[in-house]
>>> print(open('protein-v4.txt').read())   # compact mmCIF, C-alpha atoms
# COMPACT_ATOMS: atom_id res chain seq x y z
CA MET P 1 102.76 25.12 127.35
CA THR P 2 99.00 24.75 127.38
CA PRO P 3 96.96 24.82 124.14
CA LYS P 4 95.23 28.05 125.29
CA ARG P 5 98.56 29.78 125.87
CA LEU P 6 99.81 28.61 122.46
CA VAL P 7 96.73 30.13 120.83
CA ARG P 8 97.20 33.42 122.71
CA ASN P 9 100.90 33.60 121.76
CA ALA P 10 100.10 32.82 118.13
CA ALA P 11 97.45 35.52 118.08
CA PHE P 12 99.86 38.04 119.64
CA LEU P 13 102.58 37.19 117.13
CA TYR P 14 100.09 37.54 114.26
CA VAL P 15 98.90 40.98 115.44
CA ALA P 16 102.46 42.16 116.13
CA GLY P 17 103.57 40.93 112.72
CA PHE P 18 100.62 42.63 111.04
CA ALA P 19 101.36 45.92 112.87
CA PHE P 20 105.05 45.70 111.92
CA SER P 21 104.18 45.03 108.27
CA MET P 22 101.73 47.98 108.25
CA CYS P 23 104.41 50.31 109.68
CA THR P 24 106.79 49.09 106.99
CA VAL P 25 104.15 49.78 104.32
CA LEU P 26 103.49 53.28 105.68
CA ARG P 27 107.20 54.11 105.79
CA GLY P 28 107.49 53.04 102.17
CA GLN P 29 104.55 55.10 100.98
CA THR P 30 105.10 57.78 98.34
CA ILE P 31 102.96 60.54 96.85
CA THR P 32 105.04 61.29 93.77
CA GLY P 33 102.75 61.44 90.77
CA THR P 34 99.58 63.26 89.74
CA TRP P 35 96.53 63.44 92.01
CA GLN P 36 93.12 64.80 91.08
CA GLY P 37 89.75 65.44 92.70
CA THR P 38 86.66 67.63 92.48
CA LEU P 39 86.14 70.38 95.03
CA SER P 40 82.44 70.73 95.79
CA THR P 41 81.80 74.40 96.51
CA LYS P 42 79.30 76.85 95.01
CA GLU P 43 81.01 76.15 91.72
CA SER P 44 82.58 72.69 91.36
CA GLN P 45 86.29 72.90 90.61
CA ARG P 46 88.54 70.13 89.37
CA ILE P 47 91.85 70.15 91.23
CA VAL P 48 95.13 68.60 90.05
CA LEU P 49 98.13 68.30 92.36
CA LYS P 50 101.48 67.06 91.05
CA PHE P 51 104.36 65.91 93.26
CA ALA P 52 107.93 65.10 92.26
CA LYS P 53 111.45 64.91 93.70
CA PRO P 54 113.47 67.03 91.25
CA GLY P 55 116.67 67.22 93.31
CA ASN P 56 119.08 64.77 94.87
CA ASP P 57 118.14 65.77 98.41
CA GLY P 58 114.87 63.83 98.26
CA SER P 59 112.76 66.90 99.03
CA LEU P 60 109.30 67.11 97.47
CA ARG P 61 108.16 69.80 95.05
CA GLY P 62 104.66 70.25 93.69
CA SER P 63 102.26 72.34 91.68
CA LEU P 64 98.55 73.13 91.81
CA THR P 65 96.34 73.38 88.72
CA PHE P 66 92.68 74.28 88.40
CA ILE P 67 92.47 72.17 85.26
CA ASP P 68 89.31 73.82 83.89
CA ARG P 69 91.06 77.23 83.94
CA GLY P 70 94.35 76.35 82.30
CA PRO P 71 96.88 73.59 81.59
CA SER P 72 99.28 74.53 84.39
CA GLY P 73 99.37 76.32 87.70
CA PRO P 74 101.70 77.86 90.29
CA PRO P 75 104.28 75.91 92.28
CA LEU P 76 103.35 74.91 95.82
CA LEU P 77 104.84 77.02 98.58
CA SER P 78 105.52 73.97 100.75
CA VAL P 79 105.00 70.21 100.65
CA THR P 80 105.32 68.06 103.79
CA PHE P 81 104.72 64.30 103.68
CA ALA P 82 105.18 62.22 106.83
CA PRO P 83 103.42 58.95 105.88
CA PRO P 84 100.52 58.85 105.80
CA ASP P 85 99.98 62.59 106.48
CA LEU P 86 100.24 65.21 103.72
CA SER P 87 100.32 69.00 104.11
CA VAL P 88 100.63 71.50 101.22
CA THR P 89 100.27 75.28 100.92
CA VAL P 90 100.21 77.82 98.10
CA ALA P 91 99.02 81.44 98.28
CA ASP P 92 95.94 81.46 100.55
CA ILE P 93 95.28 77.74 99.98
CA SER P 94 96.19 74.80 102.20
CA TYR P 95 95.37 71.11 102.02
CA ARG P 96 95.74 68.57 104.82
CA GLY P 97 95.13 64.94 103.97
CA LYS P 98 95.91 61.32 104.80
CA LEU P 99 97.12 58.77 102.26
CA SER P 100 95.26 55.45 102.19
CA ALA P 101 97.07 52.21 102.99
CA ASP P 102 96.99 51.16 99.33
CA GLY P 103 98.52 54.51 98.26
CA LYS P 104 95.75 55.32 95.78
CA THR P 105 93.63 57.99 97.54
CA ILE P 106 94.20 60.99 99.81
CA THR P 107 91.32 62.08 102.04
CA GLY P 108 91.51 65.53 103.58
CA VAL P 109 90.35 69.13 103.94
CA TRP P 110 90.91 71.94 101.45
CA THR P 111 91.07 75.45 102.99
CA GLN P 112 91.01 78.63 100.93
CA GLY P 113 90.90 81.86 102.90
CA ASN P 114 88.43 81.23 105.72
CA GLN P 115 86.45 78.54 103.86
CA SER P 116 87.10 74.81 104.28
CA SER P 117 85.73 71.88 102.26
CA PRO P 118 86.38 68.12 102.16
CA LEU P 119 88.45 66.95 99.21
CA THR P 120 89.43 63.43 98.20
CA LEU P 121 92.24 63.06 95.68
CA VAL P 122 92.77 59.97 93.53
CA LEU P 123 96.08 58.91 92.00
CA ALA P 124 95.72 59.45 88.26
CA THR P 125 96.74 56.92 85.63
CA GLN P 126 97.52 57.49 81.97
CA GLU P 127 93.93 56.55 81.17
CA THR P 128 92.20 58.65 83.88
CA LEU P 129 94.44 61.75 83.78
CA TRP P 130 92.46 64.97 83.33
CA THR P 131 93.62 67.34 80.62
CA TYR P 132 92.83 70.98 79.90
CA SER P 133 90.38 71.39 77.02
CA GLY P 134 89.92 75.18 76.93
CA PRO P 135 91.57 77.77 74.68
CA ALA P 136 95.24 77.18 74.04
CA PRO P 137 97.53 79.38 76.16
CA ILE P 138 99.33 82.19 74.36
CA PRO P 139 102.87 81.08 73.50
CA PRO P 140 105.68 83.35 74.70
CA MET P 141 106.92 86.10 72.43
CA ALA P 142 110.29 85.38 70.84
CA ALA P 143 113.06 86.40 73.24
CA THR P 144 114.82 88.29 70.43
CA ALA P 145 111.68 90.27 69.47
CA ASP P 146 111.66 94.06 69.93
CA PRO P 147 107.89 94.76 69.93
CA SER P 148 105.97 98.04 69.95
CA LEU P 149 102.42 98.87 71.00
CA ASP P 150 100.25 99.22 67.91
CA VAL P 151 96.77 100.75 67.42
CA ALA P 152 96.97 102.59 70.76
CA THR P 153 94.03 104.74 71.87
CA ILE P 154 94.65 107.36 74.55
CA LYS P 155 91.74 109.29 76.07
CA PRO P 156 91.30 111.53 79.11
CA SER P 157 89.86 109.47 81.94
CA GLN P 158 86.21 110.17 82.76
CA GLY P 159 84.59 109.61 86.12
CA ASN P 160 85.95 108.48 89.45
CA LYS P 161 87.48 105.12 88.57
CA GLU P 162 90.10 103.06 90.34
CA ARG P 163 93.61 103.39 88.96
CA SER P 164 94.99 100.39 87.06
CA TYR P 165 97.60 99.81 84.40
CA GLY P 166 99.47 96.84 82.98
CA PHE P 167 99.21 93.93 80.56
CA LYS P 168 96.26 91.56 80.51
CA GLY P 169 97.41 88.72 78.33
CA MET P 170 98.97 90.36 75.29
CA ARG P 171 97.08 93.66 75.57
CA PHE P 172 98.09 96.77 77.48
CA ALA P 173 95.34 98.63 79.33
CA ALA P 174 95.33 101.62 81.65
CA GLU P 175 92.45 103.26 83.49
CA ASN P 176 92.67 106.52 85.41
CA ALA P 177 96.48 106.34 85.19
CA SER P 178 98.87 109.30 85.14
CA VAL P 179 101.93 109.65 82.96
CA ALA P 180 104.01 109.39 86.14
CA ASP P 181 102.43 105.95 86.74
CA LEU P 182 103.43 104.86 83.24
CA ILE P 183 106.99 106.15 83.65
CA LYS P 184 107.41 104.23 86.91
CA PHE P 185 106.20 101.05 85.20
CA ALA P 186 108.24 101.56 82.01
CA TYR P 187 111.53 102.38 83.74
CA LYS P 188 111.00 100.30 86.89
CA VAL P 189 111.54 103.25 89.24
CA ARG P 190 109.89 104.84 92.27
CA ASP P 191 108.73 108.44 92.73
CA ARG P 192 112.08 109.45 94.24
CA GLN P 193 113.78 108.32 91.03
CA ILE P 194 111.91 110.73 88.73
CA ASP P 195 113.30 114.27 88.35
CA GLY P 196 111.49 117.09 86.56
CA GLY P 197 108.40 117.11 84.37
CA PRO P 198 105.25 119.30 84.34
CA ALA P 199 102.65 119.21 87.12
CA TRP P 200 100.03 117.62 84.84
CA MET P 201 102.26 114.53 84.64
CA ASN P 202 100.86 113.55 88.05
CA GLU P 203 97.49 115.30 87.88
CA ASP P 204 96.00 114.35 84.50
CA LYS P 205 94.61 110.82 84.19
CA PHE P 206 94.25 108.74 81.03
CA ASP P 207 92.58 105.58 79.71
CA ILE P 208 94.78 103.64 77.27
CA ALA P 209 94.22 100.52 75.16
CA ALA P 210 96.90 99.03 72.92
CA GLU P 211 98.15 95.77 71.40
CA PRO P 212 101.66 94.62 70.52
CA ASP P 213 102.65 94.49 66.84
CA THR P 214 104.35 91.13 67.48
CA PRO P 215 102.59 87.83 68.26
CA GLY P 216 103.10 86.02 71.54
CA GLN P 217 102.99 86.72 75.27
CA PRO P 218 105.59 89.42 76.04
CA SER P 219 108.02 89.05 78.93
CA ARG P 220 108.17 91.69 81.64
CA ASP P 221 111.19 93.32 79.98
CA GLN P 222 109.38 93.42 76.64
CA GLN P 223 106.31 94.93 78.33
CA ARG P 224 108.38 97.74 79.84
CA SER P 225 110.15 98.38 76.53
CA MET P 226 106.80 98.76 74.72
CA VAL P 227 105.49 101.28 77.25
CA ARG P 228 108.73 103.28 76.96
CA LYS P 229 108.19 103.46 73.20
CA LEU P 230 104.54 104.47 73.68
CA LEU P 231 105.58 107.32 75.99
CA ALA P 232 108.15 108.52 73.45
CA ASP P 233 105.82 108.24 70.44
CA ARG P 234 102.59 109.64 71.88
CA PHE P 235 103.77 111.88 74.75
CA GLY P 236 107.08 113.00 73.24
CA LEU P 237 108.92 111.79 76.33
CA LYS P 238 112.68 112.36 76.32
CA VAL P 239 114.75 111.38 79.33
CA GLN P 240 118.26 110.98 80.64
CA ALA P 241 119.29 108.24 83.05
CA VAL P 242 121.79 109.35 85.72
CA GLN P 243 123.17 107.84 88.93
CA ARG P 244 122.64 109.57 92.30
CA ASP P 245 123.36 108.50 95.85
CA PHE P 246 120.37 107.87 98.12
CA PRO P 247 119.89 106.64 101.69
CA VAL P 248 118.62 103.06 101.30
CA TYR P 249 117.93 99.87 103.20
CA ALA P 250 120.08 96.96 102.04
CA LEU P 251 118.40 93.53 102.28
CA THR P 252 121.18 91.30 103.64
CA VAL P 253 121.61 87.73 104.90
CA VAL P 254 122.57 87.48 108.57
CA GLU P 255 121.77 83.79 109.09
CA SER P 256 123.18 81.53 106.41
CA PRO P 257 121.50 79.74 104.80
CA PRO P 258 118.30 81.81 105.08
CA LYS P 259 114.99 80.02 105.71
CA VAL P 260 113.71 80.08 102.14
CA THR P 261 113.00 77.18 99.77
CA ALA P 262 114.49 77.14 96.28
CA ASP P 263 111.83 77.06 93.56
CA GLU P 264 113.06 75.38 90.39
CA SER P 265 109.73 75.36 88.54
CA SER P 266 109.70 76.89 85.05
CA GLY P 267 107.16 78.65 82.86
CA TYR P 268 106.80 81.82 84.96
CA ASP P 269 108.94 84.96 84.59
CA HIS P 270 107.59 86.63 87.74
CA GLY P 271 106.56 85.74 91.28
CA TYR P 272 103.23 85.60 93.09
CA VAL P 273 102.27 87.07 96.44
CA ASN P 274 99.18 86.34 98.49
CA VAL P 275 97.97 87.65 101.84
CA THR P 276 95.94 85.50 104.25
CA ASP P 277 94.53 86.61 107.62
CA ARG P 278 94.81 83.88 110.26
CA LYS P 279 92.69 83.27 113.33
CA ASP P 280 95.65 83.87 115.67
CA GLY P 281 95.81 87.58 114.81
CA GLN P 282 98.65 87.11 112.35
CA THR P 283 98.64 87.70 108.60
CA ALA P 284 100.69 85.41 106.36
CA VAL P 285 102.26 87.23 103.42
CA GLN P 286 103.29 84.36 101.18
CA PHE P 287 105.82 84.82 98.38
CA THR P 288 105.91 82.14 95.68
CA HIS P 289 108.48 81.89 92.85
CA TYR P 290 110.13 85.16 93.96
CA THR P 291 113.63 86.45 93.26
CA MET P 292 115.37 88.48 95.93
CA PRO P 293 115.24 91.71 93.82
CA GLU P 294 111.47 91.15 93.41
CA PHE P 295 111.19 90.65 97.17
CA ALA P 296 113.09 93.89 97.87
CA ASP P 297 110.78 95.71 95.45
CA ALA P 298 107.68 94.23 97.13
CA LEU P 299 108.90 95.31 100.58
CA MET P 300 108.96 98.92 99.37
CA ASN P 301 105.15 98.83 99.26
CA PHE P 302 105.26 98.66 103.07
CA VAL P 303 108.59 100.25 104.03
CA GLN P 304 108.48 103.46 102.01
CA ASP P 305 110.86 105.94 103.64
CA ARG P 306 113.86 104.55 101.72
CA GLN P 307 114.61 102.51 98.64
CA ILE P 308 115.34 98.83 99.35
CA VAL P 309 118.17 97.17 97.42
CA ASP P 310 119.03 93.48 97.27
CA GLU P 311 122.43 92.57 98.72
CA THR P 312 121.65 88.96 99.66
CA GLY P 313 123.76 87.47 96.88
CA LEU P 314 121.03 84.84 96.36
CA ALA P 315 120.31 83.94 92.73
CA GLY P 316 117.23 82.09 91.50
CA ARG P 317 113.63 81.97 92.70
CA PHE P 318 112.36 81.05 96.16
CA ASN P 319 109.25 80.33 98.25
CA PHE P 320 108.81 81.77 101.75
CA ALA P 321 106.34 83.60 103.99
CA LEU P 322 106.36 86.60 106.33
CA MET P 323 104.18 86.67 109.45
CA ILE P 324 102.79 90.14 110.28
CA PRO P 325 100.34 91.23 113.02
CA THR P 326 97.04 91.65 111.16
CA ASP P 327 96.33 95.12 112.52
CA THR P 328 99.53 96.46 110.91
CA ALA P 329 99.80 94.26 107.81
CA TYR P 330 97.97 96.39 105.25
CA GLY P 331 98.86 99.59 103.47
CA ARG P 332 97.30 102.48 105.39
CA GLN P 333 97.95 106.19 105.49
CA GLY P 334 98.99 108.39 108.41
CA SER P 335 100.48 107.47 111.75
CA GLU P 336 100.17 103.72 111.16
CA ASP P 337 102.80 103.75 108.40
CA MET P 338 105.63 103.63 110.96
CA ASP P 339 104.01 100.68 112.79
CA ARG P 340 103.63 98.82 109.52
CA ALA P 341 107.25 99.43 108.51
CA THR P 342 108.43 98.26 111.95
CA ALA P 343 106.35 95.08 111.57
CA TYR P 344 107.95 94.25 108.23
CA PHE P 345 111.41 95.05 109.59
CA GLY P 346 110.84 92.42 112.26
CA ALA P 347 109.17 89.91 109.94
CA VAL P 348 112.24 89.42 107.71
CA GLN P 349 114.47 88.47 110.64
CA PRO P 350 113.05 84.95 111.31
CA LEU P 351 113.92 84.16 107.68
CA GLY P 352 117.56 85.08 108.31
CA PHE P 353 117.43 88.51 106.64
CA LYS P 354 118.04 92.05 107.90
CA LEU P 355 117.45 95.55 106.51
CA VAL P 356 120.61 97.65 106.96
CA ARG P 357 120.82 101.44 106.53
CA LYS P 358 123.42 102.69 104.05
CA ARG P 359 123.88 104.94 101.02
CA PHE P 360 123.70 103.49 97.52
CA PRO P 361 123.70 104.80 93.91
CA LEU P 362 120.29 104.54 92.21
CA GLU P 363 119.27 105.28 88.64
CA VAL P 364 117.26 108.50 88.29
CA ILE P 365 115.13 109.33 85.24
CA VAL P 366 115.55 113.02 84.39
CA ILE P 367 112.71 114.30 82.18
CA ASP P 368 113.93 116.62 79.42
CA HIS P 369 110.65 116.86 77.48
CA LEU P 370 107.02 115.75 77.90
CA ALA P 371 103.90 116.87 76.04
CA LYS P 372 100.16 116.18 76.14
CA PRO P 373 99.36 113.03 74.09
CA SER P 374 99.05 113.18 70.34
CA ALA P 375 95.67 112.56 68.71
CA ASN P 376 94.47 108.98 68.23
>>> encode(input="protein-v4.txt", output="structure tokens")
Amino acid sequence: MTPKRLVRNAAFLYVAGFAFSMCTVLRGQTITGTWQGTLSTKESQRIVLKFAKPGNDGSLRGSLTFIDRGPSGPPLLSVTFAPPDLSVTVADISYRGKLSADGKTITGVWTQGNQSSPLTLVLATQETLWTYSGPAPIPPMAATADPSLDVATIKPSQGNKERSYGFKGMRFAAENASVADLIKFAYKVRDRQIDGGPAWMNEDKFDIAAEPDTPGQPSRDQQRSMVRKLLADRFGLKVQAVQRDFPVYALTVVESPPKVTADESSGYDHGYVNVTDRKDGQTAVQFTHYTMPEFADALMNFVQDRQIVDETGLAGRFNFALMIPTDTAYGRQGSEDMDRATAYFGAVQPLGFKLVRKRFPLEVIVIDHLAKPSAN
């Protein structure tokens, strides 16, 4: 063999060996750990992404935190890592990036809604890890506590304001809300599950401000209990709970297992939903940290002719998304309601679910007594 051919063969073997070693490195890459970077938009935001493998199946889980807003954030809807490419989504946010050969940086594009920005993430160490330095989060209320709303002010609503009611942190606030709205929140029922009551229950609107008499962040069950007490104390509400049969849609599993991802993250007692319009004419309705009963309840905002009950038999919380044609995705009045319901009927099927017509006993709140609110 000539010297020139020996040189060429040696060079080929070197390049082939280098390529093989690089492929081996890429296959061995991992993104478990904490990654952080600054998103340069109108207002700079520090982003923290955490990745872990909590189960034995090797699947990745993650969470997103805007570290200047709070110490923790929601779980990621999906995490896909095919070295060196990373793809994550949560709510209306997605991030696509590429891990460097040394495994210390991820360079990619952050998309939120219709806006995209470059974002480079760096693997954090114990010394460089960002921490939240704002006000301490409110600790949860004791699970055994039986709180009431204290120092409540109730006034007739003035002006043409949007309706709102619920808890903001520890405090309860309502604007332009009817007593019927409060009953639905307190007893977790729909209009069809309320029987009786005076006409003003739906017509009169109120502004309410109140605080719990017990420290801590109340759970959803504690929130509902406090509003029930407020209705009894200030509106003299007396009710009976009875069971009546109704035509319903049962949410069932027809393809086992369904195409949903178990969400084992902790620290949240309710799910999150976000709606994102896509350029292909579809709208992604993304459910994060949702139970199946919460999902059935959410579907009733779009399929309203019957109650929807959960008969999936699935326990725990899950992440998944529905794809709906954008022109029928949103809540509208009139003739489009049927189109919207049909769209949601079809959207659950790719996940392995189906809505089945049947009759089912539901709890009905029968109003025995209700009066105008007592003085503040």
>>> residues_around(input="protein-v4.txt", residues="stretch 73-75 of chain P", least_positions_apart="4", cutoff="10 Å", atoms="all atoms listed in the file", output="number ranges by chain")
P: 48-50, 61-67, 69, 89-91, 263-268, 271-272, 288-289, 319
>>> atom_distance(input="protein-v4.txt", atom1="atom CA of P:Phe345", atom2="atom CA of P:Val254")
13.5 Å
>>> atom_distance(input="protein-v4.txt", atom1="atom CA of P:Val364", atom2="atom CA of P:Phe302")
21.4 Å
>>> closest_residue(input="protein-v4.txt", among="P:Pro212, P:Gly313, P:Gly97, P:Pro139", to="P:Ala152", atoms="all atoms listed in the file")
P:Pro212
>>> atom_distance(input="protein-v4.txt", atom1="atom CA of P:Tyr95", atom2="atom CA of P:Thr326")
22.5 Å
>>> closest_residue(input="protein-v4.txt", among="P:Thr32, P:Ala341, P:Met141, P:Ala136", to="P:Leu99", atoms="only C-alpha atoms")
P:Thr32
>>> closest_residue(input="protein-v4.txt", among="P:Leu119, P:Ile31, P:Ala343, P:Ile194", to="P:Ser59", atoms="all atoms listed in the file")
P:Ile31
>>> closest_residue(input="protein-v4.txt", among="P:Asn202, P:Tyr249, P:Val366, P:Arg190", to="P:Asn301", atoms="all atoms listed in the file")
P:Arg190
>>> residues_around(input="protein-v4.txt", residues="P:Ala232", least_positions_apart="5", cutoff="10 Å", atoms="all atoms listed in the file", output="list in words")
Met226, Val227, Leu237, Lys238, Val239, His369, Leu370, Ala371 and Pro373 of chain P
>>> write_last_selection(input="protein-v4.txt", atoms="C-alpha atoms", output="tab-separated table (two decimals), in the coordinates of the input")
chain	number	residue	atom	x	y	z
P	226	MET	CA	106.80	98.76	74.72
P	227	VAL	CA	105.49	101.28	77.25
P	237	LEU	CA	108.92	111.79	76.33
P	238	LYS	CA	112.68	112.36	76.32
P	239	VAL	CA	114.75	111.38	79.33
P	369	HIS	CA	110.65	116.86	77.48
P	370	LEU	CA	107.02	115.75	77.90
P	371	ALA	CA	103.90	116.87	76.04
P	373	PRO	CA	99.36	113.03	74.09
>>> residues_around(input="protein-v4.txt", residues="P:Ala284", least_positions_apart="6", cutoff="10 Å", atoms="all atoms listed in the file", output="list in words")
Ala91, Asp92, Asn274, Val275, Thr276, Asp277, Arg278, Ala321, Leu322, Met323, Ile324, Pro325, Thr326 and Ala329 of chain P
>>> axis_aligned_box(input="protein-v4.txt", around="stretch 350-355 of chain P", padding_each_side="8 Å", output="lines of an AutoDock Vina configuration file")
center_x = 115.5
center_y = 89.9
center_z = 108.9
size_x = 21.0
size_y = 27.4
size_z = 20.8
>>> closest_residue(input="protein-v4.txt", among="P:Ala347, P:Glu294, P:Phe318, P:Lys279", to="P:Leu77", atoms="all atoms listed in the file")
P:Phe318
>>> closest_residue(input="protein-v4.txt", among="P:Asp191, P:Glu311, P:Asp305, P:Asp213", to="P:Val253", atoms="all atoms listed in the file")
P:Glu311
>>> residues_around(input="protein-v4.txt", residues="P:Trp35", least_positions_apart="6", cutoff="10 Å", atoms="all atoms listed in the file", output="VMD selection string")
chain P and resid 47 to 51 64 104 to 106 120 to 125 129 to 130
>>> residues_around(input="protein-v4.txt", residues="P:Thr41", least_positions_apart="4", cutoff="12 Å", atoms="all atoms listed in the file", output="PyMOL selection string")
chain P and resi 45-46+110-112+115-119
>>> residues_near_point(input="protein-v4.txt", point="(119.0, 93.9, 107.4)", cutoff="6 Å", atoms="all atoms listed in the file", output="VMD selection string")
chain P and resid 251 to 252 353 to 356
>>> residues_near_point(input="protein-v4.txt", point="(95.8, 106.9, 79.5)", cutoff="6 Å", atoms="only C-alpha atoms", output="VMD selection string")
chain P and resid 154 to 155 174 177 206 to 208
>>> decode(input="protein-v4.txt", residues="stretch 207-215 of chain P", atoms="all heavy atoms", output="PDB file, in the first residue's frame")
ATOM      1  N   ASP P 207     -72.007  43.173  44.552  1.00  0.00           N
ATOM      2  CA  ASP P 207     -70.559  43.210  44.735  1.00  0.00           C
ATOM      3  C   ASP P 207     -70.274  42.750  46.158  1.00  0.00           C
ATOM      4  O   ASP P 207     -70.884  43.252  47.112  1.00  0.00           O
ATOM      5  CB  ASP P 207     -70.004  44.617  44.525  1.00  0.00           C
ATOM      6  CG  ASP P 207     -70.186  45.113  43.095  1.00  0.00           C
ATOM      7  OD1 ASP P 207     -70.384  44.264  42.203  1.00  0.00           O
ATOM      8  OD2 ASP P 207     -70.128  46.331  42.884  1.00  0.00           O
ATOM      9  N   ILE P 208     -69.358  41.810  46.310  1.00  0.00           N
ATOM     10  CA  ILE P 208     -69.069  41.216  47.622  1.00  0.00           C
ATOM     11  C   ILE P 208     -67.565  41.185  47.848  1.00  0.00           C
ATOM     12  O   ILE P 208     -66.798  40.878  46.930  1.00  0.00           O
ATOM     13  CB  ILE P 208     -69.636  39.781  47.717  1.00  0.00           C
ATOM     14  CG1 ILE P 208     -71.149  39.791  47.448  1.00  0.00           C
ATOM     15  CG2 ILE P 208     -69.343  39.164  49.083  1.00  0.00           C
ATOM     16  CD1 ILE P 208     -71.762  38.401  47.374  1.00  0.00           C
ATOM     17  N   ALA P 209     -67.151  41.497  49.072  1.00  0.00           N
ATOM     18  CA  ALA P 209     -65.746  41.370  49.476  1.00  0.00           C
ATOM     19  C   ALA P 209     -65.707  40.735  50.858  1.00  0.00           C
ATOM     20  O   ALA P 209     -66.439  41.158  51.761  1.00  0.00           O
ATOM     21  CB  ALA P 209     -65.060  42.728  49.494  1.00  0.00           C
ATOM     22  N   ALA P 210     -64.884  39.709  51.014  1.00  0.00           N
ATOM     23  CA  ALA P 210     -64.833  39.001  52.295  1.00  0.00           C
ATOM     24  C   ALA P 210     -63.497  38.298  52.461  1.00  0.00           C
ATOM     25  O   ALA P 210     -62.812  38.004  51.472  1.00  0.00           O
ATOM     26  CB  ALA P 210     -65.962  37.988  52.395  1.00  0.00           C
ATOM     27  N   GLU P 211     -63.139  38.017  53.715  1.00  0.00           N
ATOM     28  CA  GLU P 211     -61.901  37.304  54.033  1.00  0.00           C
ATOM     29  C   GLU P 211     -62.196  36.147  54.970  1.00  0.00           C
ATOM     30  O   GLU P 211     -63.082  36.247  55.823  1.00  0.00           O
ATOM     31  CB  GLU P 211     -60.892  38.242  54.698  1.00  0.00           C
ATOM     32  CG  GLU P 211     -60.408  39.377  53.813  1.00  0.00           C
ATOM     33  CD  GLU P 211     -59.317  40.191  54.499  1.00  0.00           C
ATOM     34  OE1 GLU P 211     -58.787  39.708  55.516  1.00  0.00           O
ATOM     35  OE2 GLU P 211     -59.006  41.283  54.010  1.00  0.00           O
ATOM     36  N   PRO P 212     -61.468  35.048  54.841  1.00  0.00           N
ATOM     37  CA  PRO P 212     -61.655  33.925  55.763  1.00  0.00           C
ATOM     38  C   PRO P 212     -61.240  34.305  57.190  1.00  0.00           C
ATOM     39  O   PRO P 212     -60.374  35.167  57.385  1.00  0.00           O
ATOM     40  CB  PRO P 212     -60.741  32.837  55.200  1.00  0.00           C
ATOM     41  CG  PRO P 212     -60.485  33.235  53.783  1.00  0.00           C
ATOM     42  CD  PRO P 212     -60.500  34.732  53.773  1.00  0.00           C
ATOM     43  N   ASP P 213     -61.845  33.633  58.163  1.00  0.00           N
ATOM     44  CA  ASP P 213     -61.475  33.852  59.563  1.00  0.00           C
ATOM     45  C   ASP P 213     -60.366  32.906  60.007  1.00  0.00           C
ATOM     46  O   ASP P 213     -60.008  32.855  61.185  1.00  0.00           O
ATOM     47  CB  ASP P 213     -62.695  33.685  60.478  1.00  0.00           C
ATOM     48  CG  ASP P 213     -63.314  32.288  60.378  1.00  0.00           C
ATOM     49  OD1 ASP P 213     -62.776  31.432  59.642  1.00  0.00           O
ATOM     50  OD2 ASP P 213     -64.354  32.052  61.029  1.00  0.00           O
ATOM     51  N   THR P 214     -59.794  32.167  59.037  1.00  0.00           N
ATOM     52  CA  THR P 214     -58.752  31.182  59.330  1.00  0.00           C
ATOM     53  C   THR P 214     -57.568  31.441  58.407  1.00  0.00           C
ATOM     54  O   THR P 214     -57.762  31.661  57.209  1.00  0.00           O
ATOM     55  CB  THR P 214     -59.283  29.750  59.105  1.00  0.00           C
ATOM     56  OG1 THR P 214     -60.468  29.561  59.883  1.00  0.00           O
ATOM     57  CG2 THR P 214     -58.246  28.698  59.495  1.00  0.00           C
ATOM     58  N   PRO P 215     -56.352  31.437  58.922  1.00  0.00           N
ATOM     59  CA  PRO P 215     -55.185  31.714  58.072  1.00  0.00           C
ATOM     60  C   PRO P 215     -54.906  30.578  57.092  1.00  0.00           C
ATOM     61  O   PRO P 215     -55.262  29.429  57.328  1.00  0.00           O
ATOM     62  CB  PRO P 215     -54.044  31.870  59.078  1.00  0.00           C
ATOM     63  CG  PRO P 215     -54.484  31.082  60.276  1.00  0.00           C
ATOM     64  CD  PRO P 215     -55.975  31.234  60.338  1.00  0.00           C
TER      65      PRO P 215
END
